Structures are given as structure tokens and as C-alpha cells.
file entry.cif (mmCIF, C-alpha atoms)
data_model
loop_
_atom_site.group_PDB
_atom_site.id
_atom_site.type_symbol
_atom_site.label_atom_id
_atom_site.label_comp_id
_atom_site.auth_asym_id
_atom_site.auth_seq_id
_atom_site.Cartn_x
_atom_site.Cartn_y
_atom_site.Cartn_z
ATOM 1 C CA MET A 1 -7.174 19.431 8.953
ATOM 2 C CA THR A 2 -3.712 20.837 8.509
ATOM 3 C CA GLY A 3 -1.187 21.697 11.174
ATOM 4 C CA GLY A 4 1.643 24.162 10.706
ATOM 5 C CA ALA A 5 2.906 25.332 7.344
ATOM 6 C CA GLY A 6 2.502 22.426 4.953
ATOM 7 C CA GLU A 7 1.679 19.873 7.644
ATOM 8 C CA ILE A 8 -1.273 17.508 7.872
ATOM 9 C CA VAL A 9 -2.561 16.489 11.287
ATOM 10 C CA LEU A 10 -2.354 12.702 11.621
ATOM 11 C CA SER A 11 -3.205 10.778 14.755
ATOM 12 C CA LYS A 12 -1.701 7.428 15.624
ATOM 13 C CA GLN A 13 -5.159 5.939 14.954
ATOM 14 C CA ASP A 14 -5.118 7.479 11.461
ATOM 15 C CA LEU A 15 -1.770 5.792 10.832
ATOM 16 C CA ARG A 16 -3.090 2.481 12.165
ATOM 17 C CA GLU A 17 -6.066 2.641 9.785
ATOM 18 C CA ILE A 18 -3.767 3.402 6.841
ATOM 19 C CA ALA A 19 -1.506 0.493 7.800
ATOM 20 C CA ALA A 20 -4.480 -1.885 8.101
ATOM 21 C CA PHE A 21 -5.755 -0.814 4.684
ATOM 22 C CA ALA A 22 -2.304 -1.265 3.139
ATOM 23 C CA ALA A 23 -1.832 -4.677 4.783
ATOM 24 C CA ALA A 24 -5.224 -5.866 3.501
ATOM 25 C CA CYS A 25 -4.306 -4.678 0.002
ATOM 26 C CA ALA A 26 -0.893 -6.356 0.062
ATOM 27 C CA GLU A 27 -2.336 -9.642 1.304
ATOM 28 C CA THR A 28 -4.255 -9.995 -1.950
ATOM 29 C CA ALA A 29 -0.980 -10.327 -3.856
ATOM 30 C CA LEU A 30 0.944 -12.449 -1.374
ATOM 31 C CA GLU A 31 0.157 -15.746 -3.105
ATOM 32 C CA ILE A 32 1.625 -14.342 -6.331
ATOM 33 C CA PHE A 33 4.954 -13.817 -4.605
ATOM 34 C CA GLU A 34 4.813 -17.116 -2.746
ATOM 35 C CA ALA A 35 4.110 -19.042 -5.957
ATOM 36 C CA ASP A 36 7.367 -17.615 -7.318
ATOM 37 C CA GLN A 37 9.392 -17.840 -4.095
ATOM 38 C CA PRO A 38 7.680 -20.412 -1.824
ATOM 39 C CA ASP A 39 10.478 -20.472 0.752
ATOM 40 C CA ASP A 40 10.769 -16.696 1.178
ATOM 41 C CA SER A 41 8.697 -15.306 4.061
ATOM 42 C CA ARG A 42 9.954 -11.710 3.858
ATOM 43 C CA PRO A 43 6.836 -10.205 2.218
ATOM 44 C CA ARG A 44 4.551 -12.159 4.580
ATOM 45 C CA ASP A 45 6.633 -10.901 7.517
ATOM 46 C CA ALA A 46 6.251 -7.293 6.301
ATOM 47 C CA ILE A 47 2.489 -7.652 6.057
ATOM 48 C CA ARG A 48 2.388 -9.267 9.506
ATOM 49 C CA ALA A 49 4.355 -6.324 10.934
ATOM 50 C CA ALA A 50 1.918 -3.870 9.323
ATOM 51 C CA TRP A 51 -1.006 -5.728 10.913
ATOM 52 C CA GLU A 52 0.743 -5.731 14.298
ATOM 53 C CA PHE A 53 1.122 -1.955 14.140
ATOM 54 C CA ALA A 54 -2.465 -1.542 12.924
ATOM 55 C CA ARG A 55 -3.706 -3.564 15.888
ATOM 56 C CA GLY A 56 -1.887 -1.486 18.483
ATOM 57 C CA GLY A 57 1.791 -2.356 18.140
ATOM 58 C CA GLU A 58 4.612 0.126 18.081
ATOM 59 C CA ARG A 59 5.858 1.921 15.001
ATOM 60 C CA GLY A 60 9.479 0.950 15.123
ATOM 61 C CA LYS A 61 12.317 -1.280 14.079
ATOM 62 C CA SER A 62 10.200 -4.290 13.069
ATOM 63 C CA LEU A 63 8.299 -2.255 10.481
ATOM 64 C CA ARG A 64 11.458 -0.743 9.047
ATOM 65 C CA ASP A 65 13.334 -4.036 9.005
ATOM 66 C CA THR A 66 10.526 -6.030 7.412
ATOM 67 C CA ALA A 67 9.902 -3.326 4.801
ATOM 68 C CA SER A 68 13.593 -3.423 3.867
ATOM 69 C CA ALA A 69 13.537 -7.212 3.767
ATOM 70 C CA ALA A 70 10.475 -7.198 1.483
ATOM 71 C CA LEU A 71 12.320 -4.795 -0.817
ATOM 72 C CA ARG A 72 15.226 -7.241 -0.979
ATOM 73 C CA ALA A 73 12.738 -10.058 -1.653
ATOM 74 C CA ALA A 74 11.427 -8.073 -4.619
ATOM 75 C CA LYS A 75 14.946 -7.897 -6.012
ATOM 76 C CA ASP A 76 15.273 -11.677 -5.620
ATOM 77 C CA ALA A 77 11.955 -12.465 -7.336
ATOM 78 C CA ASP A 78 12.058 -14.324 -10.637
ATOM 79 C CA THR A 79 8.988 -12.686 -12.194
ATOM 80 C CA ALA A 80 7.738 -9.131 -12.541
ATOM 81 C CA ALA A 81 4.432 -10.116 -10.930
ATOM 82 C CA ALA A 82 6.217 -11.503 -7.855
ATOM 83 C CA ARG A 83 8.364 -8.367 -7.676
ATOM 84 C CA GLU A 84 5.258 -6.149 -7.649
ATOM 85 C CA ALA A 85 3.677 -8.353 -4.968
ATOM 86 C CA ALA A 86 6.772 -7.976 -2.768
ATOM 87 C CA TRP A 87 6.661 -4.216 -3.308
ATOM 88 C CA ALA A 88 3.035 -4.288 -2.141
ATOM 89 C CA ALA A 89 4.205 -5.954 1.082
ATOM 90 C CA MET A 90 7.029 -3.426 1.461
ATOM 91 C CA SER A 91 4.483 -0.634 1.010
ATOM 92 C CA ALA A 92 2.235 -2.157 3.665
ATOM 93 C CA ALA A 93 5.018 -2.106 6.250
ATOM 94 C CA GLY A 94 5.990 1.402 5.151
ATOM 95 C CA ALA A 95 2.433 2.770 5.348
ATOM 96 C CA ALA A 96 2.851 3.442 9.058
ATOM 97 C CA TYR A 97 5.453 6.036 8.084
ATOM 98 C CA LEU A 98 3.061 8.307 6.213
ATOM 99 C CA HIS A 99 4.573 11.731 6.805
ATOM 100 C CA PRO A 100 2.358 14.637 7.835
ATOM 101 C CA LEU A 101 3.610 16.707 4.908
ATOM 102 C CA ALA A 102 1.110 18.238 2.513
ATOM 103 C CA LYS A 103 2.861 16.723 -0.492
ATOM 104 C CA ALA A 104 1.317 14.640 -3.244
ATOM 105 C CA THR A 105 4.193 12.162 -3.007
ATOM 106 C CA GLN A 106 2.851 11.012 0.377
ATOM 107 C CA ILE A 107 -0.121 9.423 -1.412
ATOM 108 C CA LYS A 108 2.093 6.444 -2.237
ATOM 109 C CA HIS A 109 2.244 5.608 1.500
ATOM 110 C CA ILE A 110 -1.548 5.374 1.492
ATOM 111 C CA LEU A 111 -2.212 3.757 -1.886
ATOM 112 C CA GLY A 112 1.067 2.109 -2.880
ATOM 113 C CA ALA A 113 0.233 -1.355 -1.536
ATOM 114 C CA GLY A 114 -3.083 -1.381 -3.404
ATOM 115 C CA ALA A 115 -1.514 -0.203 -6.651
ATOM 116 C CA TYR A 116 1.390 -2.668 -6.492
ATOM 117 C CA ALA A 117 -1.030 -5.507 -5.724
ATOM 118 C CA ALA A 118 -3.211 -4.506 -8.696
ATOM 119 C CA ARG A 119 -0.151 -4.409 -10.942
ATOM 120 C CA ALA A 120 0.933 -7.856 -9.735
ATOM 121 C CA ALA A 121 -2.564 -9.164 -10.538
ATOM 122 C CA GLU A 122 -2.340 -7.681 -14.041
ATOM 123 C CA LEU A 123 1.063 -9.171 -14.717
ATOM 124 C CA VAL A 124 0.243 -12.651 -13.498
ATOM 125 C CA VAL A 125 -2.419 -12.902 -16.243
ATOM 126 C CA GLY A 126 -0.337 -11.492 -19.080
ATOM 127 C CA ASP A 127 -0.633 -7.745 -18.377
ATOM 128 C CA ASP A 128 -4.430 -7.683 -18.562
ATOM 129 C CA ARG A 129 -5.343 -4.163 -17.465
ATOM 130 C CA SER A 130 -8.989 -5.078 -16.939
ATOM 131 C CA VAL A 131 -7.785 -7.300 -14.077
ATOM 132 C CA GLY A 132 -6.049 -4.288 -12.527
ATOM 133 C CA ALA A 133 -9.230 -2.241 -12.828
ATOM 134 C CA GLU A 134 -11.241 -4.998 -11.119
ATOM 135 C CA HIS A 135 -8.600 -5.214 -8.421
ATOM 136 C CA LEU A 136 -8.837 -1.460 -7.798
ATOM 137 C CA GLU A 137 -12.607 -1.715 -7.507
ATOM 138 C CA GLN A 138 -12.163 -4.272 -4.709
ATOM 139 C CA THR A 139 -9.522 -2.043 -3.120
ATOM 140 C CA VAL A 140 -11.962 0.872 -3.001
ATOM 141 C CA HIS A 141 -14.336 -1.331 -0.994
ATOM 142 C CA ARG A 142 -11.564 -2.072 1.525
ATOM 143 C CA ALA A 143 -11.105 1.611 2.341
ATOM 144 C CA THR A 144 -12.631 2.716 5.607
ATOM 145 C CA PRO A 145 -14.056 6.202 6.126
ATOM 146 C CA VAL A 146 -10.868 7.089 8.039
ATOM 147 C CA VAL A 147 -8.675 6.028 5.095
ATOM 148 C CA VAL A 148 -10.733 8.176 2.722
ATOM 149 C CA ASP A 149 -10.662 11.108 5.140
ATOM 150 C CA VAL A 150 -6.879 10.904 5.549
ATOM 151 C CA LEU A 151 -6.392 10.617 1.790
ATOM 152 C CA LYS A 152 -8.502 13.722 1.190
ATOM 153 C CA ARG A 153 -6.237 15.747 3.504
ATOM 154 C CA PHE A 154 -3.391 15.372 1.009
ATOM 155 C CA PRO A 155 -3.005 16.820 -2.488
ATOM 156 C CA ALA A 156 -3.985 14.509 -5.358
ATOM 157 C CA ALA A 157 -1.513 11.844 -6.450
ATOM 158 C CA PRO A 158 1.341 13.155 -8.607
ATOM 159 C CA SER A 159 1.993 12.344 -12.239
ATOM 160 C CA GLY A 160 4.601 9.807 -13.318
ATOM 161 C CA GLY A 161 5.468 6.444 -11.866
ATOM 162 C CA GLY A 162 4.653 4.285 -14.877
ATOM 163 C CA ARG A 163 1.781 1.832 -14.641
ATOM 164 C CA VAL A 164 1.876 1.727 -10.834
ATOM 165 C CA GLY A 165 1.662 5.526 -10.795
ATOM 166 C CA GLU A 166 -1.320 5.314 -13.124
ATOM 167 C CA LEU A 167 -2.983 2.782 -10.812
ATOM 168 C CA ILE A 168 -2.302 5.046 -7.819
ATOM 169 C CA ARG A 169 -3.947 7.982 -9.609
ATOM 170 C CA MET A 170 -6.945 5.849 -10.578
ATOM 171 C CA LEU A 171 -7.354 4.634 -6.994
ATOM 172 C CA ASP A 172 -6.835 8.157 -5.656
ATOM 173 C CA SER A 173 -9.553 9.513 -7.934
ATOM 174 C CA ASP A 174 -11.967 6.703 -7.100
ATOM 175 C CA LEU A 175 -11.515 7.135 -3.337
ATOM 176 C CA ARG A 176 -11.756 10.932 -3.450
ATOM 177 C CA SER A 177 -15.060 10.651 -5.299
ATOM 178 C CA LEU A 178 -16.612 8.673 -2.441
ATOM 179 C CA THR A 179 -18.997 10.432 -0.139
ATOM 180 C CA ILE A 180 -18.843 8.675 3.184
ATOM 181 C CA ALA A 181 -21.006 9.919 5.993
#
call {"tool": "encode", "arguments": {"input": "entry.cif", "output": "C-alpha cells"}}
result
Amino acid sequence: MTGGAGEIVLSKQDLREIAAFAAACAETALEIFEADQPDDSRPRDAIRAAWEFARGGERGKSLRDTASAALRAAKDADTAAAREAAWAAMSAAGAAYLHPLAKATQIKHILGAGAYAARAAELVVGDDRSVGAEHLEQTVHRATPVVVDVLKRFPAAPSGGGRVGELIRMLDSDLRSLTIA
């Protein structure tokens, strides 16, 4: 399902499904951020905006603004785990902006929120990578057939990106191996 040279065909419903998946992933890490920064609603606002788009809202200024605000919240976080959780929220709001380009870098729009949330979960328990693996297993179960189909339209996740990049590649591999009727 590709369009013109190097383009992937994506419907608005595809983008809504990706945003819903990303919002659900980011929500799992929200309490990590809020434990660190209880008076900062920016990540929660970003996730709320992602859900609003997923449920039929417009892809516009609210998503961009809340994603930027969640990024600033990450910079203000006191712990690495809270920073990763805020990045998960930023990724959720940004998921609606998955570009229809056949580039591996676009995978981060689909899987970034899940990978950042898994990394936050690892860090909150002393960098226990088995926790990240368990988190990814739960993330795989959140993926709808549409999310898996959209993911499979893109090239595999690229190398690099440190631990979050590794988590993205693990999640990418796990989802691509699914056979959903």
C-alpha cells in the first residue's frame, strides 16, 4: 500500500488508530512523571490531545502545542524515568503526524510512545531490562490490527537511538511477527 515514489498511503483513520495506540502506551508511564512532578499537567495534556484526535478531533494546533509542552516538561523533570515518561506523552501527541514517507525513521511516530514508556518503567526500578521486556509484551497486546498493518507498510526500524532505539526495534520485530487476520 504505497502511493507515489516513496510514499505510504495513510488514511485519517489509520492516523487515529496510531494516535490511540500511542496514547494508550504513554498513559502507562504517566504516573512515573506525575510522581516526580505532581503539579505539572503537560504530559497528561499531551496524552489527552492524542486521545481527542484519535476519537475524531482535528489534527492541529492542540496536538503540536501539547507535544511541545510535554517536551519542555521532560526537560524540567528531576529523574531520568520521569523524563522518559514525558517523552512518551510527547510521542503520543506527535503520533498523529506520522508522515507518509517510506522511511524507517517514521517508525518512531508509531512506536516511540511505547518504547519511551518501557524505558521509563525500566528506570524507575533501577534500570531492570526485564521490566522493559515485560512492558513491551503488554504493548504488543495493545496494538490493533490496523496499527500492525500500518507498521508493516514502513521499512523496519533503523539502528541507533540508544536503549530507546533498541526497545523500538524489539517492539517493531514483535509486532511485525504477528499474523492478524
call {"tool": "resolve_selection", "arguments": {"input": "entry.cif", "expression": "the PyMOL selection byres ((chain A and resi 167) around 12)", "output": "MDAnalysis selection string"}}
result
chainID A and resid 107:108 111:122 129:137 139 157:166 168:174
call {"tool": "atom_distance", "arguments": {"input": "entry.cif", "atom1": "CA of Thr66 (chain A)", "atom2": "CA of His99 (chain A)"}}
result
18.7 Å
call {"tool": "resolve_selection", "arguments": {"input": "entry.cif", "expression": "the PyMOL selection byres ((chain A and resi 34-38) around 7)", "output": "list of chain:residue names"}}
result
A:Leu30, A:Glu31, A:Ile32, A:Phe33, A:Asp39, A:Asp40, A:Ala77, A:Asp78, A:Ala82
call {"tool": "axis_aligned_box", "arguments": {"input": "entry.cif", "around": "region 66-72 of chain A", "padding_each_side": "3 Å", "output": "lines of an AutoDock Vina configuration file"}}
result
center_x = 12.6
center_y = -5.3
center_z = 3.2
size_x = 11.3
size_y = 9.9
size_z = 14.4
call {"tool": "residues_around", "arguments": {"input": "entry.cif", "residues": "region 150-156 of chain A", "least_positions_apart": "4", "cutoff": "7 Å", "atoms": "only C-alpha atoms", "output": "number ranges by chain"}}
result
A: 1, 8, 102-104, 146, 172, 176
call {"tool": "atom_distance", "arguments": {"input": "entry.cif", "atom1": "CA of Phe21 (chain A)", "atom2": "CA of Thr79 (chain A)"}}
result
25.4 Å
call {"tool": "atom_distance", "arguments": {"input": "entry.cif", "atom1": "CA of Asp127 (chain A)", "atom2": "CA of Ala86 (chain A)"}}
result
17.3 Å
call {"tool": "closest_residue", "arguments": {"input": "entry.cif", "among": "A:Ala96, A:Ala29, A:Ala46, A:Leu63", "to": "Arg83 (chain A)", "atoms": "only C-alpha atoms"}}
result
A:Ala29
call {"tool": "closest_residue", "arguments": {"input": "entry.cif", "among": "A:Asp65, A:Asp128, A:Glu52, A:Glu58", "to": "Ala81 (chain A)", "atoms": "all atoms listed in the file"}}
result
A:Asp128
call {"tool": "residues_near_point", "arguments": {"input": "entry.cif", "point": "(-0.4, 8.2, 14.9)", "cutoff": "12 Å", "atoms": "only C-alpha atoms", "output": "PyMOL selection string"}}
result
chain A and resi 8-19+53-54+56-59+95-100+150
call {"tool": "residues_around", "arguments": {"input": "entry.cif", "residues": "Arg48 (chain A)", "least_positions_apart": "6", "cutoff": "10 Å", "atoms": "only C-alpha atoms", "output": "list in words"}}
result
Ala23, Glu27, Arg42, Ala54, Ser62, Leu63, Thr66, Ala89, Ala92 and Ala93 of chain A
call {"tool": "closest_residue", "arguments": {"input": "entry.cif", "among": "A:Ala73, A:Ala80, A:Pro43, A:Cys25", "to": "Gly126 (chain A)", "atoms": "only C-alpha atoms"}}
result
A:Ala80
call {"tool": "build_atoms", "arguments": {"input": "entry.cif", "residues": "region 63-74 of chain A", "atoms": "all heavy atoms", "output": "PDB file, in the coordinates of the input"}}
result
ATOM      1  N   LEU A  63       8.883  -2.756  11.734  1.00  0.00           N
ATOM      2  CA  LEU A  63       8.299  -2.255  10.481  1.00  0.00           C
ATOM      3  C   LEU A  63       9.384  -1.884   9.484  1.00  0.00           C
ATOM      4  O   LEU A  63       9.315  -2.254   8.310  1.00  0.00           O
ATOM      5  CB  LEU A  63       7.393  -1.049  10.741  1.00  0.00           C
ATOM      6  CG  LEU A  63       6.027  -1.364  11.306  1.00  0.00           C
ATOM      7  CD1 LEU A  63       5.380  -0.093  11.843  1.00  0.00           C
ATOM      8  CD2 LEU A  63       5.143  -2.011  10.264  1.00  0.00           C
ATOM      9  N   ARG A  64      10.369  -1.150   9.946  1.00  0.00           N
ATOM     10  CA  ARG A  64      11.458  -0.743   9.047  1.00  0.00           C
ATOM     11  C   ARG A  64      12.228  -1.946   8.518  1.00  0.00           C
ATOM     12  O   ARG A  64      12.516  -2.041   7.325  1.00  0.00           O
ATOM     13  CB  ARG A  64      12.404   0.232   9.758  1.00  0.00           C
ATOM     14  CG  ARG A  64      11.806   1.614   9.973  1.00  0.00           C
ATOM     15  CD  ARG A  64      12.845   2.596  10.502  1.00  0.00           C
ATOM     16  NE  ARG A  64      13.454   2.186  11.750  1.00  0.00           N
ATOM     17  CZ  ARG A  64      12.944   2.416  12.968  1.00  0.00           C
ATOM     18  NH1 ARG A  64      11.799   3.058  13.075  1.00  0.00           N
ATOM     19  NH2 ARG A  64      13.573   2.022  14.052  1.00  0.00           N
ATOM     20  N   ASP A  65      12.549  -2.867   9.414  1.00  0.00           N
ATOM     21  CA  ASP A  65      13.334  -4.036   9.005  1.00  0.00           C
ATOM     22  C   ASP A  65      12.572  -4.929   8.029  1.00  0.00           C
ATOM     23  O   ASP A  65      13.142  -5.421   7.053  1.00  0.00           O
ATOM     24  CB  ASP A  65      13.760  -4.849  10.227  1.00  0.00           C
ATOM     25  CG  ASP A  65      14.825  -4.146  11.065  1.00  0.00           C
ATOM     26  OD1 ASP A  65      15.376  -3.111  10.617  1.00  0.00           O
ATOM     27  OD2 ASP A  65      15.088  -4.635  12.183  1.00  0.00           O
ATOM     28  N   THR A  66      11.292  -5.153   8.301  1.00  0.00           N
ATOM     29  CA  THR A  66      10.526  -6.030   7.412  1.00  0.00           C
ATOM     30  C   THR A  66      10.238  -5.353   6.075  1.00  0.00           C
ATOM     31  O   THR A  66      10.187  -6.033   5.042  1.00  0.00           O
ATOM     32  CB  THR A  66       9.217  -6.534   8.058  1.00  0.00           C
ATOM     33  OG1 THR A  66       8.397  -5.416   8.418  1.00  0.00           O
ATOM     34  CG2 THR A  66       9.499  -7.404   9.278  1.00  0.00           C
ATOM     35  N   ALA A  67      10.076  -4.044   6.075  1.00  0.00           N
ATOM     36  CA  ALA A  67       9.902  -3.326   4.801  1.00  0.00           C
ATOM     37  C   ALA A  67      11.167  -3.454   3.959  1.00  0.00           C
ATOM     38  O   ALA A  67      11.098  -3.740   2.754  1.00  0.00           O
ATOM     39  CB  ALA A  67       9.565  -1.855   5.050  1.00  0.00           C
ATOM     40  N   SER A  68      12.319  -3.278   4.589  1.00  0.00           N
ATOM     41  CA  SER A  68      13.593  -3.423   3.867  1.00  0.00           C
ATOM     42  C   SER A  68      13.783  -4.850   3.363  1.00  0.00           C
ATOM     43  O   SER A  68      14.258  -5.060   2.244  1.00  0.00           O
ATOM     44  CB  SER A  68      14.766  -3.044   4.777  1.00  0.00           C
ATOM     45  OG  SER A  68      14.727  -1.676   5.072  1.00  0.00           O
ATOM     46  N   ALA A  69      13.406  -5.811   4.173  1.00  0.00           N
ATOM     47  CA  ALA A  69      13.537  -7.212   3.767  1.00  0.00           C
ATOM     48  C   ALA A  69      12.606  -7.524   2.590  1.00  0.00           C
ATOM     49  O   ALA A  69      12.990  -8.254   1.665  1.00  0.00           O
ATOM     50  CB  ALA A  69      13.241  -8.131   4.948  1.00  0.00           C
ATOM     51  N   ALA A  70      11.399  -6.981   2.604  1.00  0.00           N
ATOM     52  CA  ALA A  70      10.475  -7.198   1.483  1.00  0.00           C
ATOM     53  C   ALA A  70      11.022  -6.564   0.206  1.00  0.00           C
ATOM     54  O   ALA A  70      10.860  -7.113  -0.887  1.00  0.00           O
ATOM     55  CB  ALA A  70       9.086  -6.654   1.812  1.00  0.00           C
ATOM     56  N   LEU A  71      11.679  -5.430   0.340  1.00  0.00           N
ATOM     57  CA  LEU A  71      12.320  -4.795  -0.817  1.00  0.00           C
ATOM     58  C   LEU A  71      13.414  -5.711  -1.382  1.00  0.00           C
ATOM     59  O   LEU A  71      13.507  -5.896  -2.601  1.00  0.00           O
ATOM     60  CB  LEU A  71      12.905  -3.437  -0.432  1.00  0.00           C
ATOM     61  CG  LEU A  71      13.650  -2.685  -1.522  1.00  0.00           C
ATOM     62  CD1 LEU A  71      12.739  -2.378  -2.701  1.00  0.00           C
ATOM     63  CD2 LEU A  71      14.231  -1.396  -0.965  1.00  0.00           C
ATOM     64  N   ARG A  72      14.202  -6.298  -0.513  1.00  0.00           N
ATOM     65  CA  ARG A  72      15.226  -7.241  -0.979  1.00  0.00           C
ATOM     66  C   ARG A  72      14.581  -8.476  -1.616  1.00  0.00           C
ATOM     67  O   ARG A  72      15.091  -9.011  -2.599  1.00  0.00           O
ATOM     68  CB  ARG A  72      16.153  -7.636   0.171  1.00  0.00           C
ATOM     69  CG  ARG A  72      17.086  -6.496   0.597  1.00  0.00           C
ATOM     70  CD  ARG A  72      18.166  -6.928   1.567  1.00  0.00           C
ATOM     71  NE  ARG A  72      17.680  -7.597   2.764  1.00  0.00           N
ATOM     72  CZ  ARG A  72      17.220  -6.984   3.856  1.00  0.00           C
ATOM     73  NH1 ARG A  72      17.185  -5.657   3.899  1.00  0.00           N
ATOM     74  NH2 ARG A  72      16.820  -7.676   4.898  1.00  0.00           N
ATOM     75  N   ALA A  73      13.451  -8.916  -1.069  1.00  0.00           N
ATOM     76  CA  ALA A  73      12.738 -10.058  -1.653  1.00  0.00           C
ATOM     77  C   ALA A  73      12.271  -9.725  -3.066  1.00  0.00           C
ATOM     78  O   ALA A  73      12.311 -10.579  -3.961  1.00  0.00           O
ATOM     79  CB  ALA A  73      11.541 -10.440  -0.776  1.00  0.00           C
ATOM     80  N   ALA A  74      11.849  -8.494  -3.269  1.00  0.00           N
ATOM     81  CA  ALA A  74      11.427  -8.073  -4.619  1.00  0.00           C
ATOM     82  C   ALA A  74      12.588  -8.192  -5.594  1.00  0.00           C
ATOM     83  O   ALA A  74      12.409  -8.645  -6.733  1.00  0.00           O
ATOM     84  CB  ALA A  74      10.896  -6.638  -4.586  1.00  0.00           C
TER      85      ALA A  74
END
